[in-house]
Amino acid sequence: MCVQGPVSALLPSSAGIGVGLVGFGLFFILFGILLYFDSVLLAFGNILFLSGLVFIIGFRRTFTFFFQRPKLKGSSFFLGGVLIVLMRWPILGMLLEAYGFITLFRSFFPVAFAFLGSLANIPVLSKLLQKVGDSSTMV
């Protein structure tokens, strides 16, 4: 008898695997940064993160997300950073990845900040997050 957990009840099995891969990828990236930019951990985290993204949304959607014309600059910096990390230049690679990540998800940040502002029960923090989320200067 198979017991379903909270993730398997909401997602198909491949998406559940993808969530796990993304989680482990983020863990290895954070752990690699904490260990003074260990290139092996960062490279392993990048590979897990990207493969988890493919498992969650599918190969075709991942490809079309990264290679849309308006997102091409951010994608090239992000994927170039992954390549530089794989070539064992972790600090430069992570800087390129960070710039590419910010460029790729620039339009998503106000929505995320507004959502976090609505969740927070701390008055000053929720007002600050809602203010940042309402500003549409990051388009």
# chains A, B, ... in the order shown; residues from 1 in each chain; ligands from 1
call {"tool": "residues_around", "arguments": {"residues": "Leu86 of chain A", "least_positions_apart": "2", "cutoff": "12 Å", "atoms": "only C-alpha atoms", "output": "VMD selection string"}}
result
chain A and resid 38 to 47 79 to 84 88 to 94
call {"tool": "select_by_dssp", "arguments": {"residues": "segment 6-122 of chain A", "states": "alpha helix (DSSP H)", "output": "ChimeraX atom specification"}}
result
/A:6-10,13-34,39-57,59-66,72-86,90-104,109-119
call {"tool": "write_last_selection", "arguments": {"atoms": "C-alpha atoms", "output": "CSV table (one decimal), in the first residue's frame"}}
result
chain,number,residue,atom,x,y,z
A,6,PRO,CA,1.7,16.2,0.9
A,7,VAL,CA,3.8,16.6,-2.2
A,8,SER,CA,2.6,13.6,-4.0
A,9,ALA,CA,-1.0,14.5,-3.4
A,10,LEU,CA,-0.6,17.8,-5.3
A,13,SER,CA,5.4,11.9,-9.6
A,14,SER,CA,7.9,13.5,-12.0
A,15,ALA,CA,7.1,16.9,-10.6
A,16,GLY,CA,7.7,15.6,-7.1
A,17,ILE,CA,11.1,14.3,-8.1
A,18,GLY,CA,11.7,17.7,-9.6
A,19,VAL,CA,10.9,19.5,-6.4
A,20,GLY,CA,13.3,17.2,-4.6
A,21,LEU,CA,16.0,17.9,-7.1
A,22,VAL,CA,15.5,21.6,-7.0
A,23,GLY,CA,15.6,21.5,-3.2
A,24,PHE,CA,18.8,19.5,-3.1
A,25,GLY,CA,20.3,21.8,-5.8
A,26,LEU,CA,19.6,24.9,-3.7
A,27,PHE,CA,21.0,23.2,-0.7
A,28,PHE,CA,24.3,22.3,-2.5
A,29,ILE,CA,24.5,25.8,-3.9
A,30,LEU,CA,24.1,27.4,-0.5
A,31,PHE,CA,26.5,24.9,1.1
A,32,GLY,CA,29.0,25.6,-1.7
A,33,ILE,CA,28.8,29.3,-1.0
A,34,LEU,CA,29.2,28.7,2.7
A,39,SER,CA,33.3,24.7,-7.2
A,40,VAL,CA,32.3,21.0,-7.0
A,41,LEU,CA,29.4,21.7,-4.7
A,42,LEU,CA,28.3,24.7,-6.8
A,43,ALA,CA,28.5,22.7,-10.0
A,44,PHE,CA,26.6,19.8,-8.5
A,45,GLY,CA,23.9,22.2,-7.2
A,46,ASN,CA,23.6,23.9,-10.5
A,47,ILE,CA,23.1,20.6,-12.3
A,48,LEU,CA,20.5,19.4,-9.7
A,49,PHE,CA,18.7,22.7,-9.9
A,50,LEU,CA,18.4,22.7,-13.7
A,51,SER,CA,17.5,19.0,-13.9
A,52,GLY,CA,14.8,19.6,-11.2
A,53,LEU,CA,13.4,22.5,-13.3
A,54,VAL,CA,13.1,20.2,-16.3
A,55,PHE,CA,11.3,17.6,-14.2
A,56,ILE,CA,8.9,20.1,-12.8
A,57,ILE,CA,7.8,22.0,-15.9
A,59,PHE,CA,11.9,20.0,-21.2
A,60,ARG,CA,9.9,22.0,-23.8
A,61,ARG,CA,8.7,24.6,-21.4
A,62,THR,CA,12.1,24.9,-19.8
A,63,PHE,CA,13.7,25.5,-23.2
A,64,THR,CA,11.1,28.0,-24.2
A,65,PHE,CA,11.4,29.8,-20.9
A,66,PHE,CA,15.1,30.3,-21.2
A,72,LEU,CA,17.8,35.9,-23.9
A,73,LYS,CA,20.2,38.3,-22.1
A,74,GLY,CA,19.4,36.9,-18.7
A,75,SER,CA,19.5,33.3,-19.9
A,76,SER,CA,22.9,33.8,-21.5
A,77,PHE,CA,24.3,35.2,-18.3
A,78,PHE,CA,22.7,32.5,-16.1
A,79,LEU,CA,23.7,29.6,-18.3
A,80,GLY,CA,27.1,31.1,-19.0
A,81,GLY,CA,27.6,31.4,-15.2
A,82,VAL,CA,26.7,27.7,-14.9
A,83,LEU,CA,29.3,26.9,-17.5
A,84,ILE,CA,31.9,29.1,-15.8
A,85,VAL,CA,31.3,27.3,-12.5
A,86,LEU,CA,31.6,23.9,-14.3
A,90,PRO,CA,33.2,29.7,-9.0
A,91,ILE,CA,33.2,33.3,-8.0
A,92,LEU,CA,32.9,34.7,-11.5
A,93,GLY,CA,30.4,32.1,-12.4
A,94,MET,CA,28.2,32.8,-9.4
A,95,LEU,CA,28.3,36.6,-10.1
A,96,LEU,CA,27.2,35.9,-13.7
A,97,GLU,CA,24.5,33.5,-12.5
A,98,ALA,CA,23.2,36.1,-10.0
A,99,TYR,CA,23.0,38.8,-12.6
A,100,GLY,CA,21.2,36.4,-15.0
A,101,PHE,CA,18.8,35.3,-12.3
A,102,ILE,CA,17.9,38.8,-11.5
A,103,THR,CA,17.4,39.7,-15.2
A,104,LEU,CA,15.4,36.5,-15.8
A,109,PHE,CA,10.0,40.1,-7.9
A,110,PRO,CA,7.2,42.6,-7.3
A,111,VAL,CA,4.6,39.8,-7.3
A,112,ALA,CA,6.7,37.8,-4.8
A,113,PHE,CA,7.3,40.7,-2.5
A,114,ALA,CA,3.6,41.6,-2.5
A,115,PHE,CA,2.8,38.0,-1.7
A,116,LEU,CA,5.3,37.9,1.2
A,117,GLY,CA,3.9,41.2,2.4
A,118,SER,CA,0.4,39.7,2.6
A,119,LEU,CA,1.7,36.7,4.6
call {"tool": "closest_residue", "arguments": {"among": "A:Pro70, A:Pro123, A:Gly58, A:Pro12", "to": "Phe105 of chain A", "atoms": "only C-alpha atoms"}}
result
A:Pro70
call {"tool": "atom_distance", "arguments": {"atom1": "atom CA of Ser107 of chain A", "atom2": "atom CA of Lys71 of chain A"}}
result
10.8 Å
call {"tool": "atom_distance", "arguments": {"atom1": "atom CA of Asn121 of chain A", "atom2": "atom CA of Phe108 of chain A"}}
result
22.2 Å
